[in-house]
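Asker: Handing over upload.cif, mmCIF, C-alpha atoms and all ligand atoms.
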data_upload
loop_
_atom_site.label_atom_id
_atom_site.label_comp_id
_atom_site.auth_asym_id
_atom_site.auth_seq_id
_atom_site.Cartn_x
_atom_site.Cartn_y
_atom_site.Cartn_z
CA MET B 1 124.48 41.73 138.52
CA ALA B 2 123.70 43.31 135.14
CA SER B 3 121.93 46.61 135.44
CA ASN B 4 121.27 49.90 133.72
CA ARG B 5 122.20 51.81 136.88
CA LYS B 6 125.62 53.08 135.90
CA VAL B 7 127.83 53.99 138.84
CA LEU B 8 131.42 55.18 138.70
CA MET B 9 133.30 54.38 141.90
CA LEU B 10 136.27 56.62 142.68
CA PRO B 11 137.72 55.61 146.07
CA GLY B 12 140.66 58.05 145.83
CA ASP B 13 143.34 58.02 148.52
CA GLY B 14 143.86 57.19 152.19
CA ILE B 15 140.71 56.22 154.04
CA GLY B 16 138.70 56.87 150.87
CA ILE B 17 139.74 53.40 149.76
CA GLU B 18 138.84 51.79 153.10
CA VAL B 19 135.41 53.38 153.47
CA MET B 20 134.54 52.63 149.83
CA ASN B 21 135.22 48.95 150.51
CA GLN B 22 132.30 49.00 152.93
CA VAL B 23 130.03 50.32 150.17
CA ARG B 24 131.07 47.33 148.07
CA VAL B 25 129.85 45.04 150.87
CA ALA B 26 126.49 46.85 150.93
CA ILE B 27 126.18 46.74 147.12
CA GLU B 28 126.82 43.01 147.14
CA TRP B 29 124.17 42.48 149.79
CA LEU B 30 121.61 44.63 147.93
CA ALA B 31 122.25 42.71 144.72
CA GLY B 32 121.90 39.33 146.42
CA LYS B 33 118.97 40.05 148.72
CA ARG B 34 116.99 42.91 147.18
CA GLY B 35 117.64 42.28 143.50
CA ILE B 36 119.03 45.77 142.94
CA GLY B 37 122.06 45.66 140.69
CA PHE B 38 124.53 48.29 139.60
CA ASP B 39 126.80 48.48 136.61
CA VAL B 40 129.88 49.58 138.57
CA ARG B 41 132.98 50.93 136.90
CA GLU B 42 136.00 51.96 138.90
CA GLY B 43 138.59 54.63 138.41
CA LEU B 44 141.49 56.42 140.00
CA VAL B 45 141.34 59.98 141.26
CA GLY B 46 143.60 62.24 143.29
CA GLY B 47 147.00 61.00 144.42
CA SER B 48 146.44 57.47 143.18
CA ALA B 49 145.72 58.82 139.66
CA LEU B 50 148.78 61.08 139.89
CA ASP B 51 150.98 58.10 140.75
CA ALA B 52 149.58 55.97 137.94
CA HIS B 53 149.01 58.55 135.19
CA GLY B 54 150.67 61.83 136.23
CA THR B 55 147.34 63.65 136.49
CA PRO B 56 144.72 63.73 139.29
CA LEU B 57 141.97 62.77 136.82
CA THR B 58 142.46 61.34 133.33
CA ASP B 59 140.22 62.30 130.42
CA GLU B 60 139.07 58.67 130.26
CA THR B 61 137.90 58.72 133.89
CA MET B 62 136.21 62.08 133.28
CA ALA B 63 134.40 60.55 130.29
CA ASP B 64 133.32 57.60 132.47
CA ALA B 65 131.91 60.07 134.99
CA MET B 66 129.94 61.87 132.28
CA ALA B 67 128.53 58.55 131.07
CA SER B 68 127.47 57.45 134.58
CA ASP B 69 124.16 57.99 136.34
CA ALA B 70 126.06 58.66 139.55
CA VAL B 71 129.62 59.00 140.81
CA LEU B 72 130.57 57.69 144.24
CA PHE B 73 133.65 59.49 145.52
CA GLY B 74 135.78 58.59 148.55
CA ALA B 75 138.42 61.20 149.42
CA VAL B 76 141.66 62.50 147.95
CA GLY B 77 144.96 63.93 149.15
CA GLY B 78 147.81 63.15 151.47
CA PRO B 79 151.27 64.33 152.52
CA LYS B 80 152.91 62.54 149.60
CA TRP B 81 151.38 65.02 147.15
CA ASP B 82 151.29 68.16 149.35
CA SER B 83 154.27 69.86 147.71
CA LEU B 84 152.98 69.56 144.12
CA PRO B 85 152.05 72.75 142.26
CA PHE B 86 148.41 73.83 142.55
CA ALA B 87 147.43 72.52 139.09
CA LYS B 88 148.64 69.02 139.98
CA LYS B 89 147.22 68.70 143.47
CA PRO B 90 144.97 65.67 144.11
CA GLU B 91 142.04 68.02 144.91
CA ARG B 92 142.10 69.24 141.28
CA GLY B 93 140.57 65.90 140.33
CA LEU B 94 137.50 66.59 142.45
CA LEU B 95 137.28 70.20 141.26
CA ARG B 96 137.34 69.06 137.62
CA LEU B 97 134.57 66.53 138.26
CA ARG B 98 132.41 69.22 139.87
CA LYS B 99 133.11 71.71 137.08
CA ASP B 100 132.74 69.44 134.04
CA MET B 101 129.61 67.77 135.46
CA ASP B 102 128.26 71.26 136.27
CA LEU B 103 127.26 70.21 139.78
CA PHE B 104 125.65 73.42 140.97
CA ALA B 105 123.66 72.19 143.97
CA ASN B 106 125.42 70.82 147.02
CA LEU B 107 123.21 68.93 149.48
CA ARG B 108 124.46 68.57 153.02
CA PRO B 109 122.11 66.84 155.46
CA ALA B 110 122.66 67.32 159.17
CA ILE B 111 121.04 64.45 161.03
CA VAL B 112 121.52 63.69 164.71
CA PHE B 113 121.18 60.00 165.49
CA ASP B 114 119.66 59.45 168.94
CA ALA B 115 122.59 57.29 170.03
CA LEU B 116 125.04 60.12 169.24
CA VAL B 117 123.09 62.97 170.76
CA ASP B 118 125.83 63.52 173.35
CA ALA B 119 128.51 63.92 170.66
CA SER B 120 127.16 67.38 169.82
CA THR B 121 128.53 70.39 171.67
CA LEU B 122 124.95 71.65 171.94
CA LYS B 123 122.51 70.55 174.65
CA PRO B 124 120.76 67.25 173.84
CA GLU B 125 117.30 68.85 173.88
CA ILE B 126 118.39 71.32 171.17
CA VAL B 127 119.67 68.66 168.74
CA ARG B 128 117.73 65.46 169.54
CA GLY B 129 115.82 64.40 166.43
CA LEU B 130 117.50 67.04 164.26
CA ASP B 131 117.09 66.41 160.53
CA ILE B 132 117.82 69.36 158.27
CA MET B 133 119.13 69.73 154.76
CA ILE B 134 121.28 72.59 153.51
CA VAL B 135 121.30 73.25 149.78
CA ARG B 136 124.30 75.35 148.81
CA GLU B 137 124.83 76.87 145.38
CA LEU B 138 128.22 75.50 144.33
CA THR B 139 129.37 76.98 141.04
CA GLY B 140 128.64 80.70 141.23
CA GLY B 141 128.80 83.67 143.57
CA MET B 142 131.79 85.00 145.43
CA TYR B 143 134.18 82.10 144.75
CA PHE B 144 133.91 82.39 140.96
CA GLY B 145 132.72 85.96 140.20
CA GLN B 146 134.78 88.30 137.99
CA PRO B 147 136.63 90.57 138.42
CA ARG B 148 138.87 89.00 141.01
CA GLY B 149 142.49 89.38 141.99
CA VAL B 150 144.96 91.48 143.95
CA GLU B 151 146.14 94.77 142.42
CA THR B 152 148.48 97.56 143.45
CA LEU B 153 146.94 101.03 143.46
CA PRO B 154 148.77 104.19 142.26
CA ASN B 155 149.34 105.19 145.90
CA GLY B 156 151.15 101.88 146.53
CA GLU B 157 148.32 100.31 148.53
CA ARG B 158 147.25 96.83 147.51
CA ARG B 159 143.60 95.92 146.89
CA GLY B 160 142.04 92.43 146.92
CA VAL B 161 138.89 91.99 144.87
CA ASN B 162 136.25 89.27 144.70
CA THR B 163 132.87 89.69 143.12
CA HIS B 164 129.59 88.34 144.42
CA VAL B 165 127.47 87.86 141.32
CA TYR B 166 124.40 85.74 140.46
CA THR B 167 122.14 85.59 137.43
CA SER B 168 118.43 84.91 137.83
CA GLY B 169 118.94 81.54 136.05
CA GLU B 170 121.57 80.46 138.56
CA ILE B 171 119.31 81.39 141.45
CA VAL B 172 116.22 79.70 140.05
CA ARG B 173 117.89 76.37 139.29
CA VAL B 174 119.27 75.94 142.80
CA ALA B 175 116.09 77.24 144.44
CA ARG B 176 114.17 74.65 142.42
CA VAL B 177 116.32 71.90 143.97
CA GLY B 178 115.45 73.34 147.39
CA PHE B 179 111.70 73.37 146.67
CA GLU B 180 111.76 69.84 145.21
CA LEU B 181 113.59 68.50 148.28
CA ALA B 182 111.27 70.29 150.69
CA ARG B 183 108.34 68.72 148.86
CA LYS B 184 109.72 65.25 149.71
CA ARG B 185 110.37 66.21 153.34
CA ALA B 186 108.46 68.47 155.75
CA ARG B 187 107.53 71.01 153.00
CA ARG B 188 109.35 73.95 154.54
CA LEU B 189 112.02 75.93 152.69
CA CYS B 190 114.03 78.77 154.19
CA SER B 191 116.01 80.92 151.77
CA ALA B 192 119.02 82.68 153.30
CA GLU B 193 120.75 85.76 151.82
CA LYS B 194 121.62 89.32 152.78
CA ALA B 195 118.95 91.26 150.90
CA ASN B 196 119.31 94.04 153.49
CA VAL B 197 122.81 94.99 152.30
CA MET B 198 123.47 93.24 148.95
CA GLU B 199 121.80 93.81 145.57
CA ALA B 200 122.51 90.20 144.58
CA GLY B 201 120.66 89.26 147.77
CA VAL B 202 117.64 91.35 146.69
CA LEU B 203 117.62 89.56 143.34
CA TRP B 204 117.97 86.19 145.12
CA ARG B 205 114.94 86.94 147.29
CA GLU B 206 112.85 88.17 144.34
CA GLU B 207 113.62 85.12 142.20
CA VAL B 208 112.96 82.61 144.99
CA THR B 209 109.69 84.37 145.80
CA LYS B 210 108.63 84.25 142.13
CA LEU B 211 109.45 80.55 141.86
CA HIS B 212 107.36 79.84 144.95
CA ALA B 213 104.25 80.23 142.74
CA GLU B 214 105.11 76.79 141.29
CA TYR B 215 105.49 75.27 144.75
CA SER B 216 102.60 76.70 146.73
CA ASP B 217 102.40 73.43 148.74
CA VAL B 218 105.81 74.34 150.26
CA GLU B 219 106.00 76.97 153.01
CA LEU B 220 108.66 79.53 152.06
CA THR B 221 110.43 81.82 154.52
CA HIS B 222 113.31 84.23 154.00
CA MET B 223 116.05 84.87 156.51
CA TYR B 224 119.16 87.03 156.52
CA ALA B 225 122.14 84.68 156.44
CA ASP B 226 123.67 86.08 159.65
CA ASN B 227 120.40 85.44 161.48
CA ALA B 228 120.28 81.92 159.97
CA ALA B 229 123.73 81.30 161.48
CA MET B 230 122.38 82.33 164.89
CA GLN B 231 119.17 80.35 164.56
CA LEU B 232 121.12 77.21 163.63
CA VAL B 233 122.66 77.09 167.08
CA ARG B 234 119.69 78.61 168.96
CA ASN B 235 116.89 76.44 167.58
CA PRO B 236 118.05 74.31 164.63
CA LYS B 237 114.90 72.19 164.58
CA GLN B 238 112.89 75.13 163.21
CA PHE B 239 114.49 74.35 159.81
CA ASP B 240 113.62 71.69 157.26
CA VAL B 241 115.48 72.71 154.05
CA ILE B 242 117.68 75.81 153.78
CA VAL B 243 118.73 77.08 150.34
CA THR B 244 121.53 79.59 150.09
CA ASP B 245 124.40 80.84 147.94
CA ASN B 246 127.95 79.55 147.69
CA LEU B 247 129.62 81.76 150.29
CA PHE B 248 126.91 81.68 152.96
CA GLY B 249 126.30 77.99 152.23
CA ASP B 250 129.95 77.18 152.84
CA MET B 251 129.63 78.53 156.36
CA LEU B 252 126.08 77.51 157.21
CA SER B 253 126.64 73.90 156.06
CA ASP B 254 129.79 73.55 158.17
CA GLU B 255 127.98 75.06 161.14
CA ALA B 256 125.03 72.69 160.70
CA ALA B 257 127.40 69.74 160.28
CA MET B 258 128.95 70.40 163.63
CA LEU B 259 125.55 70.23 165.33
CA THR B 260 125.89 66.50 164.74
CA GLY B 261 129.32 66.27 166.35
CA SER B 262 131.41 64.08 164.02
CA LEU B 263 133.07 64.40 160.64
CA GLY B 264 132.89 60.63 160.15
CA MET B 265 129.07 60.76 160.05
CA LEU B 266 128.51 63.44 157.38
CA PRO B 267 127.43 62.57 153.83
CA SER B 268 126.88 64.93 150.90
CA ALA B 269 125.56 65.01 147.36
CA SER B 270 126.24 67.41 144.49
CA LEU B 271 123.66 67.58 141.72
CA GLY B 272 123.64 69.02 138.20
CA ALA B 273 120.81 69.98 135.87
CA PRO B 274 118.22 67.36 134.89
CA ASP B 275 118.40 65.94 131.34
CA SER B 276 115.36 65.35 129.11
CA HIS B 277 114.53 62.19 131.15
CA GLY B 278 114.68 64.13 134.42
CA ARG B 279 117.98 62.47 135.40
CA ARG B 280 120.58 64.67 137.00
CA ARG B 281 124.33 64.25 136.93
CA ALA B 282 125.31 63.54 140.51
CA LEU B 283 128.31 62.95 142.73
CA TYR B 284 128.06 61.54 146.25
CA GLU B 285 130.88 61.83 148.78
CA PRO B 286 131.52 61.99 152.51
CA VAL B 287 132.38 65.45 153.83
CA HIS B 288 135.63 64.25 155.39
CA GLY B 289 139.03 64.04 153.68
CA SER B 290 141.52 61.21 153.27
CA ALA B 291 142.63 61.31 156.95
CA PRO B 292 146.31 60.39 156.43
CA ASP B 293 146.76 60.13 160.23
CA ILE B 294 144.61 56.99 160.38
CA ALA B 295 144.83 55.71 156.77
CA GLY B 296 145.65 52.02 156.33
CA LYS B 297 144.81 51.19 159.96
CA ASP B 298 141.23 49.95 159.50
CA MET B 299 140.15 52.67 161.94
CA ALA B 300 138.11 55.05 159.78
CA ASN B 301 134.40 55.52 160.30
CA PRO B 302 132.67 54.24 157.13
CA LEU B 303 129.24 55.62 158.06
CA ALA B 304 129.56 58.97 156.19
CA MET B 305 130.44 57.02 153.04
CA LEU B 306 127.56 54.58 153.57
CA LEU B 307 125.17 57.49 154.19
CA SER B 308 126.42 59.08 150.93
CA PHE B 309 125.65 55.79 149.18
CA ALA B 310 122.15 55.90 150.71
CA MET B 311 121.73 59.43 149.28
CA MET B 312 122.71 58.03 145.88
CA LEU B 313 120.02 55.36 146.13
CA ARG B 314 117.42 57.97 147.08
CA TYR B 315 118.26 60.82 144.69
CA SER B 316 119.77 59.12 141.63
CA PHE B 317 117.86 55.83 141.57
CA ASP B 318 114.60 56.61 143.36
CA ARG B 319 115.23 53.74 145.78
CA GLY B 320 114.08 55.51 148.93
CA ASP B 321 113.21 52.21 150.62
CA ASP B 322 116.75 50.89 150.25
CA ALA B 323 118.16 54.24 151.43
CA ASP B 324 115.87 54.09 154.49
CA LEU B 325 117.06 50.54 155.16
CA ILE B 326 120.72 51.62 155.25
CA GLU B 327 119.94 54.61 157.47
CA ARG B 328 117.89 52.49 159.88
CA ALA B 329 120.64 49.86 159.94
CA ILE B 330 123.18 52.55 160.85
CA GLU B 331 120.90 53.72 163.64
CA ALA B 332 120.61 50.12 164.90
CA VAL B 333 124.38 49.61 164.85
CA LEU B 334 124.82 52.76 166.92
CA GLU B 335 122.12 51.58 169.32
CA ARG B 336 124.14 48.36 169.66
CA LYS B 337 126.87 50.68 171.04
CA LEU B 338 129.36 49.85 168.26
CA ARG B 339 131.73 52.77 167.68
CA THR B 340 134.77 53.57 165.54
CA ALA B 341 137.44 55.58 167.35
CA ASP B 342 136.20 59.00 166.17
CA ILE B 343 132.79 58.58 167.86
CA MET B 344 134.00 56.50 170.81
CA GLN B 345 132.46 57.21 174.20
CA PRO B 346 132.83 55.49 177.58
CA GLY B 347 130.92 52.20 177.79
CA MET B 348 130.84 51.65 174.02
CA THR B 349 132.39 48.80 172.03
CA PRO B 350 135.30 49.82 169.76
CA VAL B 351 135.13 48.41 166.23
CA SER B 352 137.23 48.65 163.07
CA THR B 353 136.12 50.05 159.70
CA THR B 354 135.55 46.52 158.41
CA ALA B 355 133.61 45.40 161.47
CA MET B 356 131.41 48.50 161.31
CA GLY B 357 130.61 47.87 157.63
CA LYS B 358 129.82 44.24 158.35
CA ALA B 359 127.57 45.19 161.28
CA VAL B 360 125.59 47.61 159.09
CA VAL B 361 124.91 44.86 156.55
CA GLU B 362 123.93 42.46 159.34
CA GLU B 363 121.40 45.01 160.60
CA MET B 364 120.12 45.55 157.06
CA ALA B 365 119.49 41.81 156.83
CA LYS B 366 117.67 41.77 160.20
CA LEU B 367 115.51 44.79 159.36
CA ALA B 368 114.65 43.43 155.93
CA GLY B 369 113.49 40.22 157.65
P1 LIG B 401 140.33 65.06 157.12
O1 LIG B 401 138.85 65.15 156.99
O2 LIG B 401 140.99 64.09 156.23
O3 LIG B 401 140.71 64.70 158.63
C1 LIG B 401 140.47 65.58 159.73
C2 LIG B 401 140.48 64.76 161.03
O4 LIG B 401 139.27 63.98 161.12
C3 LIG B 401 141.62 63.75 161.12
O5 LIG B 401 142.08 63.67 162.44
C4 LIG B 401 141.01 62.45 160.68
O6 LIG B 401 141.63 61.31 161.24
C5 LIG B 401 139.56 62.59 161.17
N1 LIG B 401 138.63 61.90 160.28
C6 LIG B 401 138.20 62.32 159.07
N2 LIG B 401 137.36 61.43 158.53
C7 LIG B 401 137.25 60.43 159.41
C8 LIG B 401 136.54 59.20 159.41
N3 LIG B 401 135.75 58.81 158.39
N4 LIG B 401 136.68 58.39 160.48
C9 LIG B 401 137.46 58.73 161.50
N5 LIG B 401 138.15 59.88 161.58
C10 LIG B 401 138.06 60.72 160.53
O7 LIG B 401 140.90 66.53 156.86
P2 LIG B 401 142.42 67.03 156.82
O8 LIG B 401 143.24 66.30 157.84
O9 LIG B 401 142.32 68.50 156.87
O10 LIG B 401 142.94 66.65 155.37
C11 LIG B 401 143.66 65.45 155.05
C12 LIG B 401 143.79 65.34 153.53
O11 LIG B 401 142.48 65.21 152.96
C13 LIG B 401 144.41 66.58 152.89
O12 LIG B 401 145.24 66.16 151.84
C14 LIG B 401 143.21 67.35 152.39
O13 LIG B 401 143.54 68.17 151.29
C15 LIG B 401 142.30 66.24 151.97
N6 LIG B 401 140.86 66.55 151.96
C16 LIG B 401 140.14 65.98 150.95
C17 LIG B 401 138.78 66.18 150.90
C18 LIG B 401 138.01 65.49 149.81
O14 LIG B 401 138.54 64.58 149.19
N7 LIG B 401 136.79 65.87 149.55
C19 LIG B 401 138.13 66.95 151.87
C20 LIG B 401 138.90 67.50 152.91
C21 LIG B 401 140.27 67.29 152.94
#
Written as structure tokens, that's how I'd like the structure from this file.
Answerer:
Amino acid sequence: MASNRKVLMLPGDGIGIEVMNQVRVAIEWLAGKRGIGFDVREGLVGGSALDAHGTPLTDETMADAMASDAVLFGAVGGPKWDSLPFAKKPERGLLRLRKDMDLFANLRPAIVFDALVDASTLKPEIVRGLDIMIVRELTGGMYFGQPRGVETLPNGERRGVNTHVYTSGEIVRVARVGFELARKRARRLCSAEKANVMEAGVLWREEVTKLHAEYSDVELTHMYADNAAMQLVRNPKQFDVIVTDNLFGDMLSDEAAMLTGSLGMLPSASLGAPDSHGRRRALYEPVHGSAPDIAGKDMANPLAMLLSFAMMLRYSFDRGDDADLIERAIEAVLERKLRTADIMQPGMTPVSTTAMGKAVVEEMAKLAG
């Protein structure tokens, strides 16, 4: 179907290809039944691009990504390419996309579906109904700050250096994403840093507090990041949106993800700055990798990929209703006790990747009436 919604699909390697196929099924259904079309281009990334072109991401594919409203990314990597030098590794393709698209805000929802409440290692009453969003700054802070490196001191000792550095502009732009998201959810934003021991943390707190003046309808709290880590396992439902820096966000988002119990259920989005029309560059991808151990066996859980697609509908195309439909369909499929191997429990019905994708679309059709 012709459309001005430009999407670049990059399935990648391993199960990336299999889970992306289930998105195609959903796209086809949406086009046929809801009249929402996409102008989909496809490209190679990671190992498949290395095999075809000798690079994990060609300049042409990068240009396609820059010209798209959204990029849908599967997963990259696999044993075949493990021994390549760092600059040629499949993951470089993803890193280049993030860098060139300047995707500075990483959104990681942690949602516990009722039917999977027992998959969490935490008690059901702690996680039932959990729905939180972690916004992690992705392009600054400790992982990129200069100076960095390992040096040998005059006394022969070696010293490793990384620098935690943020400008006010970098803080404000990611905090703004946090406030905007909170506004569309339960209107609560918690900012996590270490203002008690880090100057960059003091600046972070000051800038977020200043920005709050523009978002007085959102309740803002501040928390030291170590306390946030504790609170996430003690009482995670106290949070709505958490905004934090790159280093703390790396840890807090993985911790929050595990409250839900399964890698195959976790979507993510990475957003850049808005253009003059308010449109942001954006990349949507499941949190999991290419899972070489199960690749090609029609065993992978496609739900993280489908949930990433739902995020794309919501955040890049303002199609919240269609995103809700996919999420409700996934809930219904889980209620029907259908499970891929990774979320299998006694008494449930095992299904393949393909069957799970098909079941989601069936439920979408039922829910849409
Ligand atoms: P992985 O996420 O690929 O797999 C970890 C484990 O979880 C495996 O046992 C796998 O079978 C299982 N798993 C993951 N996703 C699943 C799904 N959707 N359904 C069912 N089971 C699932 O991580 P890994 O094994 O550490 O890495 C494998 C390859 O993926 C490596 O080459 C790594 O570099 C790459 N990787 C890529 C990304 C990415 O593309 N964003 C992220 C992480 C790892």
Asker: Could you give me the residues within 8 Å of ligand LIG 401 (chain B), counting all atoms listed in the file, as a ChimeraX atom specification?
Answerer: /B:12,15-16,19,73-79,81-82,90-91,94,263-265,285-295,299-305,340-343
Asker: Could I get the residues of stretch 281-333 of chain B with an atom no further than 10 Å from an atom of stretch 351-366 of chain B, each paired with its nearest atom pair and that distance in Å to one decimal, using all atoms listed in the file, sorted by chain and residue number, as JSON lines?
Answerer:
{"residue": "B:Lys297", "atom": "CA", "partner": "B:Ser352", "partner_atom": "CA", "distance": 8.6}
{"residue": "B:Asp298", "atom": "CA", "partner": "B:Thr353", "partner_atom": "CA", "distance": 5.1}
{"residue": "B:Met299", "atom": "CA", "partner": "B:Ser352", "partner_atom": "CA", "distance": 5.1}
{"residue": "B:Ala300", "atom": "CA", "partner": "B:Thr353", "partner_atom": "CA", "distance": 5.4}
{"residue": "B:Asn301", "atom": "CA", "partner": "B:Thr353", "partner_atom": "CA", "distance": 5.8}
{"residue": "B:Pro302", "atom": "CA", "partner": "B:Thr353", "partner_atom": "CA", "distance": 6.0}
{"residue": "B:Leu303", "atom": "CA", "partner": "B:Gly357", "partner_atom": "CA", "distance": 7.9}
{"residue": "B:Leu306", "atom": "CA", "partner": "B:Gly357", "partner_atom": "CA", "distance": 8.4}
{"residue": "B:Asp322", "atom": "CA", "partner": "B:Met364", "partner_atom": "CA", "distance": 9.3}
{"residue": "B:Asp324", "atom": "CA", "partner": "B:Met364", "partner_atom": "CA", "distance": 9.9}
{"residue": "B:Leu325", "atom": "CA", "partner": "B:Met364", "partner_atom": "CA", "distance": 6.2}
{"residue": "B:Ile326", "atom": "CA", "partner": "B:Met364", "partner_atom": "CA", "distance": 6.4}
{"residue": "B:Glu327", "atom": "CA", "partner": "B:Met364", "partner_atom": "CA", "distance": 9.1}
{"residue": "B:Arg328", "atom": "CA", "partner": "B:Met364", "partner_atom": "CA", "distance": 7.8}
{"residue": "B:Ala329", "atom": "CA", "partner": "B:Glu363", "partner_atom": "CA", "distance": 5.0}
{"residue": "B:Ile330", "atom": "CA", "partner": "B:Val360", "partner_atom": "CA", "distance": 5.8}
{"residue": "B:Glu331", "atom": "CA", "partner": "B:Val360", "partner_atom": "CA", "distance": 8.9}
{"residue": "B:Ala332", "atom": "CA", "partner": "B:Glu363", "partner_atom": "CA", "distance": 6.7}
{"residue": "B:Val333", "atom": "CA", "partner": "B:Val360", "partner_atom": "CA", "distance": 6.2}
Asker: Which protein, DNA or RNA residues are at most 7 Å from (118.7, 74.7, 157.2) in the file's coordinates when you count only C-alpha atoms, listed as number ranges by chain?
Answerer: B: 132-134, 190, 239-242
Asker: Could you check how far atom CA of B:Ala229 sits from atom CA of B:Phe179, in Å to one decimal?
Answerer: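 Atom CA of B:Ala229 sits 20.7 Å away from atom CA of B:Phe179.
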Asker: Atom CA of B:Glu199 and atom CA of B:Thr167 are how many Å apart?
Answerer: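 Atom CA of B:Glu199 sits 11.6 Å away from atom CA of B:Thr167.
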Asker: With a distance cut-off of 6 Å and all atoms listed in the file, select the neighbouring residues of B:Glu137, excluding the residue or stretch itself and same-chain residues fewer than 3 positions from it, and output the selection as a ChimeraX atom specification.
Answerer: /B:104-105,245-246
Asker: Limited to C-alpha atoms, could you put the picked residues into a file as a PDB file, keeping the file's coordinate frame?
Answerer:
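Produced file selection-v9.pdb, reproduced below:
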ATOM      1  CA  PHE B 104     125.650  73.420 140.970  1.00  0.00           C
ATOM      2  CA  ALA B 105     123.660  72.190 143.970  1.00  0.00           C
ATOM      3  CA  ASP B 245     124.400  80.840 147.940  1.00  0.00           C
ATOM      4  CA  ASN B 246     127.950  79.550 147.690  1.00  0.00           C
TER       5      ASN B 246
END
Asker: Counting all atoms listed in the file, which residues of stretch 314-354 of chain B sit at most 10 Å from some atom of stretch 116-119 of chain B, and what is each one's closest atom pair with its distance in Å to one decimal, listed by chain and rising residue number, as a Markdown table?
Answerer:
| residue | atom | partner | partner_atom | distance |
| --- | --- | --- | --- | --- |
| B:Glu331 | CA | B:Leu116 | CA | 9.5 |
| B:Leu334 | CA | B:Leu116 | CA | 7.7 |
| B:Glu335 | CA | B:Leu116 | CA | 9.0 |
| B:Lys337 | CA | B:Leu116 | CA | 9.8 |
| B:Ile343 | CA | B:Ala119 | CA | 7.4 |
| B:Met344 | CA | B:Ala119 | CA | 9.2 |
| B:Gln345 | CA | B:Ala119 | CA | 8.6 |
Asker: Could you add the missing atoms to stretch 132-143 of chain B, up to N, CA and C atoms, and return them as a compact mmCIF listing (two decimals), in the coordinates of the input?
Answerer:
# COMPACT_ATOMS: atom_id res chain seq x y z
N ILE B 132 117.97 68.23 159.19
CA ILE B 132 117.82 69.36 158.27
C ILE B 132 118.70 69.14 157.05
N MET B 133 118.38 69.87 156.01
CA MET B 133 119.13 69.73 154.76
C MET B 133 119.53 71.13 154.29
N ILE B 134 120.83 71.31 154.05
CA ILE B 134 121.28 72.59 153.51
C ILE B 134 121.60 72.41 152.03
N VAL B 135 121.01 73.26 151.21
CA VAL B 135 121.30 73.25 149.78
C VAL B 135 122.13 74.49 149.48
N ARG B 136 123.37 74.25 149.07
CA ARG B 136 124.30 75.35 148.81
C ARG B 136 124.57 75.46 147.31
N GLU B 137 124.45 76.67 146.78
CA GLU B 137 124.83 76.87 145.38
C GLU B 137 126.35 76.69 145.29
N LEU B 138 126.82 75.94 144.28
CA LEU B 138 128.22 75.50 144.33
C LEU B 138 129.10 76.04 143.21
N THR B 139 128.52 76.62 142.18
CA THR B 139 129.37 76.98 141.04
C THR B 139 129.37 78.47 140.71
N GLY B 140 128.70 79.27 141.52
CA GLY B 140 128.64 80.70 141.23
C GLY B 140 129.02 81.53 142.45
N GLY B 141 128.61 82.81 142.41
CA GLY B 141 128.80 83.67 143.57
C GLY B 141 130.25 84.08 143.80
N MET B 142 130.52 84.38 145.03
CA MET B 142 131.79 85.00 145.43
C MET B 142 133.04 84.22 145.04
N TYR B 143 132.97 82.89 145.01
CA TYR B 143 134.18 82.10 144.75
C TYR B 143 134.55 82.04 143.27
